[in-house]
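Structure below is structure22.json: JSON, C-alpha atoms.
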[["chain", "number", "residue", "atom", "x", "y", "z"],
["A", 1, "MET", "CA", 29.40, -15.41, -11.94],
["A", 2, "SER", "CA", 28.44, -16.34, -8.41],
["A", 3, "LEU", "CA", 31.11, -16.38, -5.74],
["A", 4, "MET", "CA", 28.96, -18.50, -3.48],
["A", 5, "THR", "CA", 29.13, -22.21, -3.09],
["A", 6, "PRO", "CA", 26.06, -24.08, -4.26],
["A", 7, "LEU", "CA", 25.48, -25.18, -0.66],
["A", 8, "ASN", "CA", 25.26, -21.58, 0.62],
["A", 9, "ARG", "CA", 22.83, -20.63, -2.12],
["A", 10, "VAL", "CA", 20.64, -23.55, -1.25],
["A", 11, "LEU", "CA", 20.72, -22.51, 2.42],
["A", 12, "GLY", "CA", 19.07, -19.24, 1.46],
["A", 13, "LEU", "CA", 22.05, -16.97, 1.89],
["A", 14, "GLY", "CA", 22.45, -16.10, -1.75],
["A", 15, "THR", "CA", 20.17, -14.38, -4.20],
["A", 16, "GLY", "CA", 17.01, -16.05, -5.34],
["A", 17, "LYS", "CA", 17.54, -14.46, -8.77],
["A", 18, "GLY", "CA", 14.20, -12.71, -8.41],
["A", 19, "ALA", "CA", 15.39, -9.28, -7.28],
["A", 20, "ALA", "CA", 15.16, -7.51, -10.63],
["A", 21, "GLU", "CA", 11.65, -8.77, -11.26],
["A", 22, "HIS", "CA", 10.60, -7.76, -7.74],
["A", 23, "TRP", "CA", 12.06, -4.28, -8.28],
["A", 24, "TRP", "CA", 10.29, -3.79, -11.62],
["A", 25, "LEU", "CA", 6.93, -5.07, -10.39],
["A", 26, "GLN", "CA", 7.13, -2.78, -7.36],
["A", 27, "ARG", "CA", 7.65, 0.21, -9.68],
["A", 28, "THR", "CA", 5.13, -0.92, -12.28],
["A", 29, "THR", "CA", 2.37, -1.36, -9.70],
["A", 30, "ALA", "CA", 3.39, 2.00, -8.17],
["A", 31, "VAL", "CA", 2.93, 3.74, -11.53],
["A", 32, "ALA", "CA", -0.44, 2.01, -11.98],
["A", 33, "LEU", "CA", -1.53, 3.09, -8.50],
["A", 34, "LEU", "CA", -0.82, 6.80, -9.12],
["A", 35, "PRO", "CA", -3.89, 7.38, -11.35],
["A", 36, "LEU", "CA", -5.95, 4.57, -9.75],
["A", 37, "GLY", "CA", -5.39, 5.90, -6.22],
["A", 38, "LEU", "CA", -6.18, 9.47, -7.21],
["A", 39, "TRP", "CA", -9.31, 8.24, -9.01],
["A", 40, "LEU", "CA", -10.52, 6.44, -5.85],
["A", 41, "ALA", "CA", -9.88, 9.53, -3.71],
["A", 42, "TYR", "CA", -11.80, 11.66, -6.22],
["A", 43, "ALA", "CA", -14.62, 9.11, -6.49],
["A", 44, "LEU", "CA", -15.05, 8.87, -2.71],
["A", 45, "LEU", "CA", -14.98, 12.65, -2.54],
["A", 46, "THR", "CA", -17.74, 13.08, -5.10],
["A", 47, "LEU", "CA", -19.96, 10.12, -4.14],
["A", 48, "PRO", "CA", -22.98, 11.93, -2.68],
["A", 49, "LYS", "CA", -24.28, 9.15, -0.41],
["A", 50, "PHE", "CA", -22.77, 6.07, 1.21],
["A", 51, "ASP", "CA", -25.90, 4.00, 1.82],
["A", 52, "TYR", "CA", -26.20, 0.45, 0.39],
["A", 53, "ALA", "CA", -28.25, 1.32, -2.70],
["A", 54, "SER", "CA", -26.06, 4.28, -3.70],
["A", 55, "VAL", "CA", -22.78, 2.38, -3.28],
["A", 56, "VAL", "CA", -24.11, -0.64, -5.22],
["A", 57, "ALA", "CA", -25.25, 1.65, -8.04],
["A", 58, "TRP", "CA", -21.83, 3.27, -8.10],
["A", 59, "VAL", "CA", -19.88, -0.04, -8.13],
["A", 60, "ARG", "CA", -22.15, -1.40, -10.91],
["A", 61, "GLU", "CA", -21.18, 1.35, -13.34],
["A", 62, "PRO", "CA", -18.80, -0.40, -15.79],
["A", 63, "VAL", "CA", -16.07, 2.22, -15.46],
["A", 64, "THR", "CA", -16.20, 1.93, -11.67],
["A", 65, "SER", "CA", -16.12, -1.89, -11.76],
["A", 66, "ILE", "CA", -13.14, -1.97, -14.10],
["A", 67, "LEU", "CA", -11.15, 0.67, -12.22],
["A", 68, "LEU", "CA", -11.93, -0.96, -8.85],
["A", 69, "ILE", "CA", -10.68, -4.34, -10.07],
["A", 70, "LEU", "CA", -7.51, -2.79, -11.50],
["A", 71, "LEU", "CA", -6.99, -0.88, -8.24],
["A", 72, "VAL", "CA", -7.54, -3.93, -6.03],
["A", 73, "VAL", "CA", -5.13, -6.09, -8.07],
["A", 74, "ALA", "CA", -2.42, -3.39, -8.30],
["A", 75, "ALA", "CA", -2.74, -2.49, -4.60],
["A", 76, "GLY", "CA", -2.72, -6.15, -3.54],
["A", 77, "TYR", "CA", 0.40, -6.84, -5.57],
["A", 78, "HIS", "CA", 2.17, -3.64, -4.46],
["A", 79, "SER", "CA", 1.34, -4.35, -0.81],
["A", 80, "ALA", "CA", 2.52, -7.96, -1.05],
["A", 81, "LEU", "CA", 5.86, -6.88, -2.52],
["A", 82, "GLY", "CA", 6.32, -4.10, 0.04],
["A", 83, "ILE", "CA", 5.49, -6.24, 3.05],
["A", 84, "GLN", "CA", 7.78, -8.97, 1.74],
["A", 85, "VAL", "CA", 10.71, -6.51, 1.88],
["A", 86, "VAL", "CA", 9.79, -5.37, 5.39],
["A", 87, "VAL", "CA", 9.52, -8.98, 6.62],
["A", 88, "GLU", "CA", 12.87, -9.87, 5.04],
["A", 89, "ASP", "CA", 14.44, -6.84, 6.74],
["A", 90, "TYR", "CA", 13.10, -7.31, 10.26],
["A", 91, "VAL", "CA", 11.91, -10.87, 10.84],
["A", 92, "THR", "CA", 14.88, -13.01, 11.74],
["A", 93, "GLY", "CA", 14.98, -16.75, 12.13],
["A", 94, "LYS", "CA", 14.45, -18.87, 9.08],
["A", 95, "GLY", "CA", 11.32, -20.67, 10.26],
["A", 96, "LEU", "CA", 9.54, -17.58, 11.55],
["A", 97, "ARG", "CA", 10.48, -15.61, 8.43],
["A", 98, "ALA", "CA", 9.22, -18.32, 6.10],
["A", 99, "ALA", "CA", 5.98, -18.62, 8.08],
["A", 100, "THR", "CA", 5.45, -14.82, 8.06],
["A", 101, "LEU", "CA", 6.10, -14.60, 4.32],
["A", 102, "MET", "CA", 3.72, -17.44, 3.66],
["A", 103, "ALA", "CA", 1.00, -15.90, 5.84],
["A", 104, "SER", "CA", 1.45, -12.56, 4.04],
["A", 105, "THR", "CA", 1.18, -14.19, 0.60],
["A", 106, "LEU", "CA", -1.92, -16.15, 1.59],
["A", 107, "ALA", "CA", -3.59, -13.06, 3.07],
["A", 108, "HIS", "CA", -2.77, -10.91, 0.02],
["A", 109, "VAL", "CA", -3.88, -13.45, -2.57],
["A", 110, "GLY", "CA", -6.97, -14.37, -0.57],
["A", 111, "LEU", "CA", -8.17, -10.81, 0.04],
["A", 112, "THR", "CA", -7.37, -9.67, -3.51],
["A", 113, "ILE", "CA", -9.32, -12.52, -5.10],
["A", 114, "ALA", "CA", -12.20, -12.04, -2.63],
["A", 115, "ALA", "CA", -12.38, -8.31, -3.40],
["A", 116, "VAL", "CA", -12.26, -8.89, -7.18],
["A", 117, "PHE", "CA", -15.02, -11.49, -6.85],
["A", 118, "ALA", "CA", -17.07, -9.06, -4.75],
["A", 119, "VAL", "CA", -16.86, -6.35, -7.43],
["A", 120, "LEU", "CA", -17.76, -8.86, -10.19],
["A", 121, "LYS", "CA", -20.71, -10.20, -8.20],
["A", 122, "ILE", "CA", -22.06, -6.68, -7.69],
["A", 123, "ALA", "CA", -21.41, -5.75, -11.32],
["A", 124, "PHE", "CA", -23.11, -8.83, -12.80],
["A", 125, "GLY", "CA", -25.65, -9.43, -10.02],
["A", 126, "SER", "CA", -29.34, -8.75, -10.35],
["B", 127, "MET", "CA", 22.28, -16.15, 10.56],
["B", 128, "HIS", "CA", 24.41, -19.20, 9.74],
["B", 129, "GLY", "CA", 26.72, -18.60, 12.69],
["B", 130, "VAL", "CA", 28.32, -15.42, 11.26],
["B", 131, "GLN", "CA", 27.74, -12.11, 13.09],
["B", 132, "ARG", "CA", 27.82, -9.58, 10.27],
["B", 133, "PRO", "CA", 27.88, -5.85, 11.07],
["B", 134, "LEU", "CA", 24.66, -3.90, 10.63],
["B", 135, "SER", "CA", 24.59, -0.65, 8.66],
["B", 136, "PRO", "CA", 25.75, 2.12, 11.02],
["B", 137, "TYR", "CA", 22.62, 4.27, 10.76],
["B", 138, "TRP", "CA", 22.78, 5.33, 14.40],
["B", 139, "ILE", "CA", 26.06, 7.27, 14.10],
["B", 140, "TYR", "CA", 24.58, 9.78, 11.66],
["B", 141, "ARG", "CA", 22.75, 12.94, 12.64],
["B", 142, "TRP", "CA", 19.15, 12.32, 11.64],
["B", 143, "GLU", "CA", 17.94, 14.62, 8.90],
["B", 144, "ILE", "CA", 14.83, 15.02, 6.82],
["B", 145, "THR", "CA", 15.72, 12.43, 4.20],
["B", 146, "MET", "CA", 16.04, 9.73, 6.86],
["B", 147, "TRP", "CA", 12.77, 10.67, 8.59],
["B", 148, "LEU", "CA", 10.92, 10.66, 5.28],
["B", 149, "SER", "CA", 12.45, 7.32, 4.28],
["B", 150, "SER", "CA", 11.20, 5.70, 7.49],
["B", 151, "LEU", "CA", 7.82, 7.38, 7.06],
["B", 152, "HIS", "CA", 7.50, 5.92, 3.55],
["B", 153, "ARG", "CA", 7.75, 2.42, 4.96],
["B", 154, "ILE", "CA", 5.47, 3.10, 7.94],
["B", 155, "THR", "CA", 2.77, 4.71, 5.77],
["B", 156, "GLY", "CA", 3.08, 1.80, 3.33],
["B", 157, "LEU", "CA", 2.39, -0.69, 6.12],
["B", 158, "LEU", "CA", -0.59, 1.33, 7.36],
["B", 159, "LEU", "CA", -1.95, 1.59, 3.81],
["B", 160, "SER", "CA", -1.92, -2.21, 3.63],
["B", 161, "LEU", "CA", -4.32, -2.12, 6.58],
["B", 162, "GLY", "CA", -6.38, 0.48, 4.73],
["B", 163, "ALA", "CA", -6.52, -1.86, 1.73],
["B", 164, "VAL", "CA", -7.90, -4.55, 4.04],
["B", 165, "ALA", "CA", -10.59, -2.09, 5.17],
["B", 166, "LEU", "CA", -11.44, -1.36, 1.52],
["B", 167, "ALA", "CA", -11.62, -5.09, 0.71],
["B", 168, "VAL", "CA", -13.89, -5.71, 3.71],
["B", 169, "TRP", "CA", -16.14, -2.85, 2.54],
["B", 170, "LEU", "CA", -16.44, -4.33, -0.98],
["B", 171, "ILE", "CA", -16.95, -7.91, 0.25],
["B", 172, "ALA", "CA", -19.66, -6.77, 2.69],
["B", 173, "LEU", "CA", -21.32, -4.89, -0.16],
["B", 174, "ALA", "CA", -21.41, -8.07, -2.26],
["B", 175, "MET", "CA", -22.87, -10.03, 0.68],
["B", 176, "GLY", "CA", -25.93, -7.81, 0.87],
["B", 177, "ALA", "CA", -27.55, -4.88, 2.64],
["B", 178, "ASP", "CA", -27.35, -6.30, 6.17],
["B", 179, "SER", "CA", -23.62, -7.03, 6.01],
["B", 180, "PHE", "CA", -22.94, -3.69, 4.35],
["B", 181, "ASP", "CA", -24.92, -1.78, 6.97],
["B", 182, "ALA", "CA", -23.01, -3.53, 9.76],
["B", 183, "VAL", "CA", -19.66, -2.52, 8.24],
["B", 184, "ALA", "CA", -20.94, 0.95, 7.34],
["B", 185, "ARG", "CA", -21.95, 1.51, 11.00],
["B", 186, "VAL", "CA", -18.34, 0.92, 12.08],
["B", 187, "TYR", "CA", -16.84, 2.98, 9.24],
["B", 188, "GLY", "CA", -19.32, 5.78, 9.90],
["B", 189, "ALA", "CA", -18.73, 5.90, 13.67],
["B", 190, "GLY", "CA", -17.19, 9.01, 15.21],
["B", 191, "TRP", "CA", -14.04, 7.30, 16.45],
["B", 192, "PHE", "CA", -13.44, 5.85, 12.97],
["B", 193, "LYS", "CA", -12.62, 9.35, 11.71],
["B", 194, "VAL", "CA", -9.21, 8.82, 13.35],
["B", 195, "PRO", "CA", -8.14, 5.91, 11.10],
["B", 196, "LEU", "CA", -9.83, 7.56, 8.09],
["B", 197, "VAL", "CA", -7.82, 10.76, 8.48],
["B", 198, "GLY", "CA", -4.74, 8.63, 9.21],
["B", 199, "TRP", "CA", -5.21, 6.68, 5.99],
["B", 200, "ALA", "CA", -5.73, 9.90, 4.03],
["B", 201, "PHE", "CA", -2.42, 11.17, 5.44],
["B", 202, "CYS", "CA", -0.64, 7.88, 4.63],
["B", 203, "PHE", "CA", -2.15, 7.84, 1.13],
["B", 204, "PHE", "CA", -1.10, 11.37, 0.17],
["B", 205, "TYR", "CA", 2.34, 10.96, 1.76],
["B", 206, "HIS", "CA", 3.09, 7.56, 0.21],
["B", 207, "LEU", "CA", 1.78, 8.75, -3.18],
["B", 208, "SER", "CA", 3.75, 12.01, -3.34],
["B", 209, "ASN", "CA", 6.89, 10.51, -1.82],
["B", 210, "GLY", "CA", 6.45, 7.60, -4.23],
["B", 211, "VAL", "CA", 6.70, 10.04, -7.14],
["B", 212, "ARG", "CA", 9.95, 11.23, -5.54],
["B", 213, "HIS", "CA", 11.20, 7.65, -5.43],
["B", 214, "LEU", "CA", 10.28, 7.07, -9.09],
["B", 215, "ALA", "CA", 12.19, 10.23, -10.06],
["B", 216, "TRP", "CA", 15.27, 8.92, -8.24],
["B", 217, "ASP", "CA", 14.89, 5.56, -9.98],
["B", 218, "ALA", "CA", 14.92, 7.44, -13.28],
["B", 219, "GLY", "CA", 18.10, 9.23, -12.17],
["B", 220, "TYR", "CA", 16.72, 12.65, -11.24],
["B", 221, "GLY", "CA", 16.88, 14.76, -8.09],
["B", 222, "PHE", "CA", 19.39, 12.76, -6.11],
["B", 223, "ASP", "CA", 21.81, 15.61, -5.27],
["B", 224, "PRO", "CA", 21.72, 16.85, -1.62],
["B", 225, "LYS", "CA", 20.09, 20.18, -2.42],
["B", 226, "ARG", "CA", 17.24, 18.84, -4.50],
["B", 227, "ILE", "CA", 16.68, 15.78, -2.35],
["B", 228, "ARG", "CA", 15.97, 18.05, 0.64],
["B", 229, "ALA", "CA", 13.85, 20.46, -1.40],
["B", 230, "SER", "CA", 11.71, 17.64, -2.82],
["B", 231, "GLY", "CA", 11.40, 16.20, 0.70],
["B", 232, "TRP", "CA", 9.98, 19.42, 2.12],
["B", 233, "THR", "CA", 7.72, 19.73, -0.93],
["B", 234, "VAL", "CA", 6.30, 16.29, -0.17],
["B", 235, "VAL", "CA", 5.68, 17.31, 3.47],
["B", 236, "VAL", "CA", 3.76, 20.44, 2.41],
["B", 237, "VAL", "CA", 1.78, 18.60, -0.30],
["B", 238, "THR", "CA", 0.84, 15.86, 2.18],
["B", 239, "PHE", "CA", -0.48, 18.21, 4.85],
["B", 240, "VAL", "CA", -2.40, 20.40, 2.39],
["B", 241, "ALA", "CA", -3.94, 17.42, 0.56],
["B", 242, "THR", "CA", -4.81, 15.60, 3.79],
["B", 243, "ALA", "CA", -6.43, 18.70, 5.28],
["B", 244, "ALA", "CA", -8.42, 19.37, 2.10],
["B", 245, "PHE", "CA", -9.56, 15.75, 1.76],
["B", 246, "ALA", "CA", -10.46, 15.43, 5.44],
["B", 247, "TYR", "CA", -12.44, 18.68, 5.29],
["B", 248, "ALA", "CA", -14.31, 17.73, 2.10],
["B", 249, "ALA", "CA", -14.88, 14.00, 2.56],
["B", 250, "ILE", "CA", -14.53, 12.98, 6.20],
["B", 251, "PHE", "CA", -15.86, 15.83, 8.35]]

Represent the structure contained in this file as structure tokens.
Amino acid sequence: MSLMTPLNRVLGLGTGKGAAEHWWLQRTTAVALLPLGLWLAYALLTLPKFDYASVVAWVREPVTSILLILLVVAAGYHSALGIQVVVEDYVTGKGLRAATLMASTLAHVGLTIAAVFAVLKIAFGS
Amino acid sequence: MHGVQRPLSPYWIYRWEITMWLSSLHRITGLLLSLGAVALAVWLIALAMGADSFDAVARVYGAGWFKVPLVGWAFCFFYHLSNGVRHLAWDAGYGFDPKRIRASGWTVVVVTFVATAAFAYAAIF
């Protein structure tokens, strides 16, 4: 049961009812990023050369493409959720906060989709 | 804030100890890792755009001064990862008593410095 008036909830002072989902997604993406992050660190450590041809050949390997896409999506989601919390903690003023949250969402979705497309283009490209 | 001045949490009256430093560091390293993710995305997008774009980005990433952010991101990565495991353990209900919370904190500090030094030595320098 909510103790808040409907007006206060509408004004953004109550819960948006999304906290539990936010919490679970933060943890789920964290668990996904444990092996994916360690894999990337290991892969960068063992990649012998970082010139264009070598990196393209590496990204085109199916296992690399798949793991990179999973990593990019999990990291993008985890970062979006984390920055959302930081913004909600420190950015005051309803207009500025809404604008910052929107900018963060647009940047996260945009960069994540661009990076996934980049990996796919390299993987399927001639 | 809707006209009401609510009190903030009184974090400044406590003596700062390791748990509080590490908590702040988790958030700071998380923010810096978001920047690192941008750098990774730029690297991949440049790669998809072709050799010229990739070489331009690779020149910046391979520059001497860029070792500073690279080592910084390695530090942030190993800290956020190992301290993240600590957080997941707490979420599952383990290790929250004062003794173990400090012990796991110092463990994370040691793991971070060792892993960062090893990674920087092997991959960056």

* For B:Ser208, list every protein, DNA or RNA residue within 8 Å, evaluated using only C-alpha atoms, and leave out those in the same chain fewer than 6 positions away; present the list as a list of chain:residue names. =>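 Here the answer would be B:Val234, B:Val237, B:Thr238.
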
With all atoms listed in the file as the counted atoms, please give the residues lying no more than 10 Å from stretch 26-31 of chain A, apart from itself and same-chain residues fewer than 6 positions off, as an mmCIF file with C-alpha atoms, keeping the file's coordinate frame.
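Result went into around.cif, see below:
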data_model
loop_
_atom_site.group_PDB
_atom_site.id
_atom_site.type_symbol
_atom_site.label_atom_id
_atom_site.label_comp_id
_atom_site.auth_asym_id
_atom_site.auth_seq_id
_atom_site.Cartn_x
_atom_site.Cartn_y
_atom_site.Cartn_z
ATOM 1 C CA ALA A 20 15.160 -7.510 -10.630
ATOM 2 C CA GLY A 37 -5.390 5.900 -6.220
ATOM 3 C CA LEU A 71 -6.990 -0.880 -8.240
ATOM 4 C CA VAL A 73 -5.130 -6.090 -8.070
ATOM 5 C CA ALA A 74 -2.420 -3.390 -8.300
ATOM 6 C CA ALA A 75 -2.740 -2.490 -4.600
ATOM 7 C CA GLY A 76 -2.720 -6.150 -3.540
ATOM 8 C CA TYR A 77 0.400 -6.840 -5.570
ATOM 9 C CA HIS A 78 2.170 -3.640 -4.460
ATOM 10 C CA SER A 79 1.340 -4.350 -0.810
ATOM 11 C CA ALA A 80 2.520 -7.960 -1.050
ATOM 12 C CA LEU A 81 5.860 -6.880 -2.520
ATOM 13 C CA GLY A 82 6.320 -4.100 0.040
ATOM 14 C CA LEU B 207 1.780 8.750 -3.180
ATOM 15 C CA GLY B 210 6.450 7.600 -4.230
ATOM 16 C CA VAL B 211 6.700 10.040 -7.140
ATOM 17 C CA HIS B 213 11.200 7.650 -5.430
ATOM 18 C CA LEU B 214 10.280 7.070 -9.090
ATOM 19 C CA ASP B 217 14.890 5.560 -9.980
#

* Extract, using all atoms listed in the file, all DNA, RNA and protein residues at most 12 Å from A:Glu88, discarding same-chain residues fewer than 3 positions from it, and format them as a PyMOL selection string. => chain A and resi 12+81-85+91-94+96-102+104

Please, which residues of chain A lie no more than 10 Å from chain B when the count uses all atoms listed in the file, and can they be set out as a JSON list (two decimals) with C-alpha atoms, keeping the file's coordinate frame?
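Saved file part_16.json follows:
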[["chain", "number", "residue", "atom", "x", "y", "z"],
["A", 8, "ASN", "CA", 25.26, -21.58, 0.62],
["A", 11, "LEU", "CA", 20.72, -22.51, 2.42],
["A", 12, "GLY", "CA", 19.07, -19.24, 1.46],
["A", 13, "LEU", "CA", 22.05, -16.97, 1.89],
["A", 27, "ARG", "CA", 7.65, 0.21, -9.68],
["A", 30, "ALA", "CA", 3.39, 2.00, -8.17],
["A", 31, "VAL", "CA", 2.93, 3.74, -11.53],
["A", 33, "LEU", "CA", -1.53, 3.09, -8.50],
["A", 34, "LEU", "CA", -0.82, 6.80, -9.12],
["A", 37, "GLY", "CA", -5.39, 5.90, -6.22],
["A", 38, "LEU", "CA", -6.18, 9.47, -7.21],
["A", 41, "ALA", "CA", -9.88, 9.53, -3.71],
["A", 42, "TYR", "CA", -11.80, 11.66, -6.22],
["A", 44, "LEU", "CA", -15.05, 8.87, -2.71],
["A", 45, "LEU", "CA", -14.98, 12.65, -2.54],
["A", 46, "THR", "CA", -17.74, 13.08, -5.10],
["A", 47, "LEU", "CA", -19.96, 10.12, -4.14],
["A", 48, "PRO", "CA", -22.98, 11.93, -2.68],
["A", 50, "PHE", "CA", -22.77, 6.07, 1.21],
["A", 51, "ASP", "CA", -25.90, 4.00, 1.82],
["A", 52, "TYR", "CA", -26.20, 0.45, 0.39],
["A", 53, "ALA", "CA", -28.25, 1.32, -2.70],
["A", 55, "VAL", "CA", -22.78, 2.38, -3.28],
["A", 56, "VAL", "CA", -24.11, -0.64, -5.22],
["A", 59, "VAL", "CA", -19.88, -0.04, -8.13],
["A", 68, "LEU", "CA", -11.93, -0.96, -8.85],
["A", 72, "VAL", "CA", -7.54, -3.93, -6.03],
["A", 75, "ALA", "CA", -2.74, -2.49, -4.60],
["A", 76, "GLY", "CA", -2.72, -6.15, -3.54],
["A", 78, "HIS", "CA", 2.17, -3.64, -4.46],
["A", 79, "SER", "CA", 1.34, -4.35, -0.81],
["A", 80, "ALA", "CA", 2.52, -7.96, -1.05],
["A", 82, "GLY", "CA", 6.32, -4.10, 0.04],
["A", 83, "ILE", "CA", 5.49, -6.24, 3.05],
["A", 85, "VAL", "CA", 10.71, -6.51, 1.88],
["A", 86, "VAL", "CA", 9.79, -5.37, 5.39],
["A", 92, "THR", "CA", 14.88, -13.01, 11.74],
["A", 93, "GLY", "CA", 14.98, -16.75, 12.13],
["A", 94, "LYS", "CA", 14.45, -18.87, 9.08],
["A", 107, "ALA", "CA", -3.59, -13.06, 3.07],
["A", 108, "HIS", "CA", -2.77, -10.91, 0.02],
["A", 111, "LEU", "CA", -8.17, -10.81, 0.04],
["A", 112, "THR", "CA", -7.37, -9.67, -3.51],
["A", 113, "ILE", "CA", -9.32, -12.52, -5.10],
["A", 114, "ALA", "CA", -12.20, -12.04, -2.63],
["A", 115, "ALA", "CA", -12.38, -8.31, -3.40],
["A", 116, "VAL", "CA", -12.26, -8.89, -7.18],
["A", 117, "PHE", "CA", -15.02, -11.49, -6.85],
["A", 118, "ALA", "CA", -17.07, -9.06, -4.75],
["A", 119, "VAL", "CA", -16.86, -6.35, -7.43],
["A", 120, "LEU", "CA", -17.76, -8.86, -10.19],
["A", 121, "LYS", "CA", -20.71, -10.20, -8.20],
["A", 122, "ILE", "CA", -22.06, -6.68, -7.69],
["A", 123, "ALA", "CA", -21.41, -5.75, -11.32],
["A", 125, "GLY", "CA", -25.65, -9.43, -10.02]]

* Point-to-point distance from atom CA of B:Val235 to atom CA of B:Tyr220, Å rounded to tenths ->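 Separating atom CA of B:Val235 from atom CA of B:Tyr220 is a distance of 19.0 Å.
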
* Two-atom distance - atom CA of B:Ser149, atom CA of A:Trp23 (Å) ->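 Separation between atom CA of B:Ser149 and atom CA of A:Trp23: 17.1 Å.
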
* Asked: Between atom CA of B:Ser230 and atom CA of B:Asn209, what is the distance, to one decimal in Å?
  ->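 Taking atom CA of B:Ser230 as the start and atom CA of B:Asn209 as the end point, the length is 8.7 Å.
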
* For stretch 138-148 of chain B, work out the shell of residues within 7 Å, counting all atoms listed in the file and skipping chain neighbours fewer than 3 positions away, then give it as number ranges by chain. => B: 151-152, 228, 231

Please produce stretch 80-99 of chain A, completed to N, CA and C atoms, as a compact mmCIF listing (two decimals), in the coordinates of the input.
# COMPACT_ATOMS: atom_id res chain seq x y z
N ALA A 80 1.83 -6.69 -1.27
CA ALA A 80 2.52 -7.96 -1.05
C ALA A 80 4.03 -7.80 -1.21
N LEU A 81 4.43 -7.07 -2.28
CA LEU A 81 5.86 -6.88 -2.52
C LEU A 81 6.49 -6.03 -1.42
N GLY A 82 5.79 -4.99 -0.99
CA GLY A 82 6.32 -4.10 0.04
C GLY A 82 6.47 -4.81 1.37
N ILE A 83 5.43 -5.55 1.76
CA ILE A 83 5.49 -6.24 3.05
C ILE A 83 6.54 -7.34 3.02
N GLN A 84 6.73 -7.95 1.87
CA GLN A 84 7.78 -8.97 1.74
C GLN A 84 9.15 -8.38 2.10
N VAL A 85 9.42 -7.15 1.59
CA VAL A 85 10.71 -6.51 1.88
C VAL A 85 10.84 -6.21 3.37
N VAL A 86 9.75 -5.71 3.97
CA VAL A 86 9.79 -5.37 5.39
C VAL A 86 10.03 -6.63 6.23
N VAL A 87 9.35 -7.71 5.89
CA VAL A 87 9.52 -8.98 6.62
C VAL A 87 10.96 -9.46 6.48
N GLU A 88 11.49 -9.41 5.25
CA GLU A 88 12.87 -9.87 5.04
C GLU A 88 13.87 -9.02 5.79
N ASP A 89 13.53 -7.73 6.01
CA ASP A 89 14.44 -6.84 6.74
C ASP A 89 14.41 -7.09 8.25
N TYR A 90 13.24 -7.35 8.81
CA TYR A 90 13.10 -7.31 10.26
C TYR A 90 12.81 -8.64 10.93
N VAL A 91 12.24 -9.60 10.20
CA VAL A 91 11.91 -10.87 10.84
C VAL A 91 13.09 -11.82 10.68
N THR A 92 13.72 -12.13 11.80
CA THR A 92 14.88 -13.01 11.74
C THR A 92 14.47 -14.41 12.17
N GLY A 93 15.30 -15.35 11.83
CA GLY A 93 14.98 -16.75 12.13
C GLY A 93 14.30 -17.35 10.92
N LYS A 94 14.90 -18.36 10.37
CA LYS A 94 14.45 -18.87 9.08
C LYS A 94 13.01 -19.39 9.12
N GLY A 95 12.66 -20.10 10.18
CA GLY A 95 11.32 -20.67 10.26
C GLY A 95 10.26 -19.59 10.38
N LEU A 96 10.51 -18.65 11.31
CA LEU A 96 9.54 -17.58 11.55
C LEU A 96 9.40 -16.71 10.29
N ARG A 97 10.52 -16.43 9.64
CA ARG A 97 10.48 -15.61 8.43
C ARG A 97 9.68 -16.30 7.32
N ALA A 98 9.94 -17.59 7.14
CA ALA A 98 9.22 -18.32 6.10
C ALA A 98 7.72 -18.36 6.41
N ALA A 99 7.39 -18.56 7.69
CA ALA A 99 5.98 -18.62 8.08
C ALA A 99 5.30 -17.26 7.86
